[in-house]
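Colleague: Once you've had a glance at the structure underneath, I'll fire off some questions.
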Amino acid sequence: MRFIPENSSVVYSRHQHTKTPQSLSGRWPQENDDLKLVLEEERENESPRYRFVLSARQDLFIRTLSLTGRLEGTLRPVSLLSEGGQSRSHVEILGPADRQISAGSPWVQTGAKSGEHVSSGLVLLSDGLNPDLILAQEAPFQEYTSFTVNSGRQPVRISLIWHVERAVEAAQVYSTGWTAQSSGTGELLLREWSIRNAGKLPARTAPKQEPPMLCCPMQRRSAELTVDYLRRQLNAAREKQIPFDVIMIEEGWQRSIGDWTATSEQFGADLPRISREIGEAGFTPGLWLAPFVAARESDPFTNPGWLLRNEKGKPVEADCYPRRKTRMFALDITHPEVAEHIAGIIRTLTREWGFKYLKLDFLEAASLKGKRHNDKLTPAQILTRGLQQIREAAGDDVHLAGSGLPFPAGAGVLDSVNVSPEILPQQKKARLSRMMNARTARDEGRFIQNLVLRSHLNRTFWFNDAAYLSFLYPGAENGTREAEELSTAVTHSGGSLFVSDDLSLYGEEEIARIKNSVTAARELSTGQTTPLRIFSDPGICTVYNDQGCIVIFNLNQTESTIELRLSPYRKLLEPYNSYRPFEGAEDHPLEAPRNITLKPREYKRILLRSV
């Protein structure tokens with residue numbers, strides 16, 4: 001299969017907030033009194049890649065550039081891997097009859113009909129017969145890109161969209177980043193794309209430290225977080241000898257969203273003191289903050305020029321703070337005063353107060369649409385520059401973890417990125433889970449599927465963070481089995497183990513389980529990880545860790561029998577040439593398929609061998 005470009009289009013206006021933008025569509029090259037648009041095509045490693053070159057004849061605000069074409073080489077039904085719009089968004093495997101749940105990004109609108117799908121950053125296509133096809137943006141990721149796929153018709157129609165959202169001056173030439181296509185085995189394509197683009201990133205393509213094991217004690221409501229509760233967790237971790245690297249103070253400690261050096265009255269302690277206590281207990285102090293947003297009651301909100309504003313001049317709302325129901329507003333981080341304010345906060349927290357792990361949340365706010373001090377940068381460039389400024393302020397010895405940012409922003413700057421939804425006991429009956437289809441009907445299913453399908457990003461772009469993992473399921477049916485399933489997904493997919501429990505409630509069973517999980521995570525974290533069998537069986541997720549194991553998860557609510565066929569992945573699995581389908585079994589050559597039956601929500605671990 002291959003993508004055949006047919007038409008291009010540009011959406012633009014003379015002013016950013018013009019309600020009726022203009023467009024120019026057709027076969028390239030295109031031109032009018034305002035601009036000239038040319039599509040460039042070249043080959044890299046025998047694979048075609050594309051970019052636009054736009055020459056402005058007037059001062060313009062460029063919104064999007066699009067390349068539309070057809071999928072050639074198949075008339076079969078096509079399935080796709082749809083990458084979520086941001087780090088916590090759901091990664092989905094979609095068929096022609098499936099309706100997409102959510103793209104999870106303000107840049108991308110999901111199709112309203114079955115067979116109309118979108119993906120961010122990359123899309124992987126398969127018809128089950130021909131070689132798979134990947135379309136993906138190339139580093140350094142200067143725009144957000146999305147792909148729309150209409151698989152409900154023949155031939156399949158595909159659009160590549162560059163979300164530029166920046167001003168271009170008259171006589172200026174603007175070139176987009178490249179988007180490439182390649183064909184082959186889908187799992188290998190994902191792995192090769194990650195490794196190739198990690199090598200193109202300007203800095204920090206290989207983090208210096210290993211992924212940390214974290215304890216992030218959380219209260220059910222952030223208003224309940226107190227220093228006494230935190231100290232109870234600290235004492236429990238020390239007395240029970242739970243081998244965490246980092247104890248992180250989660251949201252709720254701050255006076256308000258945006259005031260990041262002042263603690264709330266209910267928290268009851270200043271940050272320098274609690275940072276010292278964590279360090280003296282033998283752990284690395286960590287802290288949660290959302291540097292690019294501010295609530296109405298915060299100090300940054302009182303500076304009118306610091307806020308991102310919409311076409312009516314009103315502050316742009318970034319998100320609803322989930323636990324306090326507090327409205328948050330995006331800061332204009334292109335403003336020099338805002339950039340210096342944020343850098344000063346980061347220097348204080350890290351260099352003066354000793355926090356060597358920072359979790360940076362709601363990062364997407366930096367690149368929302370709005371009127372800015374500097375409109376000559378794309379939203380992706382704005383967020384990248386903001387993260388680079390934080391890195392410079394913190395120093396290379398601080399672990400920067402990102403969350404809530406568009407895919408694949410942060411690559412090359414952040415040490416780790418949250419790639420899965422949260423798993424908290426009180427969320428097990430969440431409305432979203434009940435709305436989802438049967439093959440991922442549980443929060444746990446989304447959690448595992450994201451970890452597995454994004455495992456190719458681990459140790460290439462960053463370390464994958466697994467959000468919040470709980471080993472406590474009070475009163476929950478099959479709680480122990482679910483906790484083991486989730487921890488297995490985390491440890492074998494690589495990245496950080498991120499625990500959110502009240503450690504004082506741990507008994508001997510939970511302590512033994514978490515110690516085993518931390519040990520396994522450390523042993524397996526050095527491995528390169530990749531998803532396998534992406535399109536083989538609905539509801540079955542398979543991850544390969546090159547430390548010598550494959551884990552298969554049945555996310556279905558029914559028993560499933562699969563054919564384990566590893567021969568297509570021989571190149572990826574080198575130097576292993578055989579496997580043991582269960583403990584005590586004889587070695588099977590990779591070429592020998594094997595039927596494996598999994599009970600509902602069961603997982604099986606397959607050991608690989610070199611003989």
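Labels for the structure tokens follow display order: chains A, B, ..., residues from 1 in each chain, ligands from 1.
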Give me, as a PyMOL selection string, all polymer residues having an atom no more than 10 Å from Lys200 of chain A, counting only C-alpha atoms and skipping those fewer than 6 positions away in the same chain.
Modeller: chain A and resi 138-140+412
Colleague: List the spatial neighbours of Val398 of chain A as a VMD selection string - criterion: any atom at most 8 Å away, only C-alpha atoms, same-chain residues fewer than 5 positions off excluded.
Modeller: chain A and resid 350 355 to 358
Colleague: Have a look at A:Phe471, A:Ile448, A:Val413, A:Pro538 and name the one nearest to Pro202 of chain A; count only C-alpha atoms.
Modeller: A:Val413
Colleague: Name the residues of segment 179-280 of chain A that fall into strand (DSSP E or B) according to DSSP on the backbone, using the chain letters and numbers of this document, as a count of residues only.
Modeller: 20
Colleague: Nearest to Ser264 of chain A: which of A:Leu225, A:Val38, A:Leu387, A:Met213 is it, counting only C-alpha atoms?
Modeller: A:Leu225
Colleague: So which residues touch Thr530 of chain A within 6 Å, counting only C-alpha atoms, skipping near sequence neighbours fewer than 4 positions away, as a list in words?
Modeller: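 Final neighbour list, sorted by chain and number: Ser455, His456, Val543 and Tyr544 of chain A.
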Colleague: So that I can see what lies close to Val173 of chain A, please list as a list of chain:residue names the residues with an atom at most 10 Å from it, counting only C-alpha atoms and leaving out residues fewer than 2 positions away in the same chain.
Modeller: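 The contact residues come out as A:Leu35, A:Lys36, A:Leu37, A:Val53, A:Leu54, A:Ser55, A:Ala56, A:Arg57, A:Val168, A:Glu169, A:Ala170, A:Ala171, A:Ser175.
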Colleague: If you count only C-alpha atoms, which residues fall within 6 Å of segment 73-90 of chain A, apart from same-chain ones fewer than 3 positions away, as a CSV table (one decimal) with C-alpha atoms, in the first residue's frame?
Modeller:
chain,number,residue,atom,x,y,z
A,1,MET,CA,0.0,0.0,0.0
A,93,ILE,CA,-7.2,0.3,16.9
A,94,LEU,CA,-10.1,1.1,14.6
A,95,GLY,CA,-11.7,-0.8,11.8
A,103,ALA,CA,-9.1,12.6,19.5
A,104,GLY,CA,-8.3,14.3,22.8
A,105,SER,CA,-6.9,17.5,21.3
A,119,SER,CA,-4.8,10.4,14.3
A,120,SER,CA,-2.1,12.8,15.7
A,123,VAL,CA,-1.1,6.9,11.6
A,124,LEU,CA,-0.4,3.2,10.9
A,125,LEU,CA,-2.6,1.4,8.3
A,126,SER,CA,-3.2,-2.3,7.7
A,127,ASP,CA,-5.4,-4.3,5.3
A,404,GLY,CA,-1.1,16.6,29.2
A,405,LEU,CA,0.9,17.7,26.2
A,406,PRO,CA,0.2,17.1,22.5
A,407,PHE,CA,1.9,14.2,20.8
A,419,VAL,CA,1.4,8.1,28.3
A,420,SER,CA,-1.7,6.5,29.9
A,421,PRO,CA,-4.9,7.5,31.8
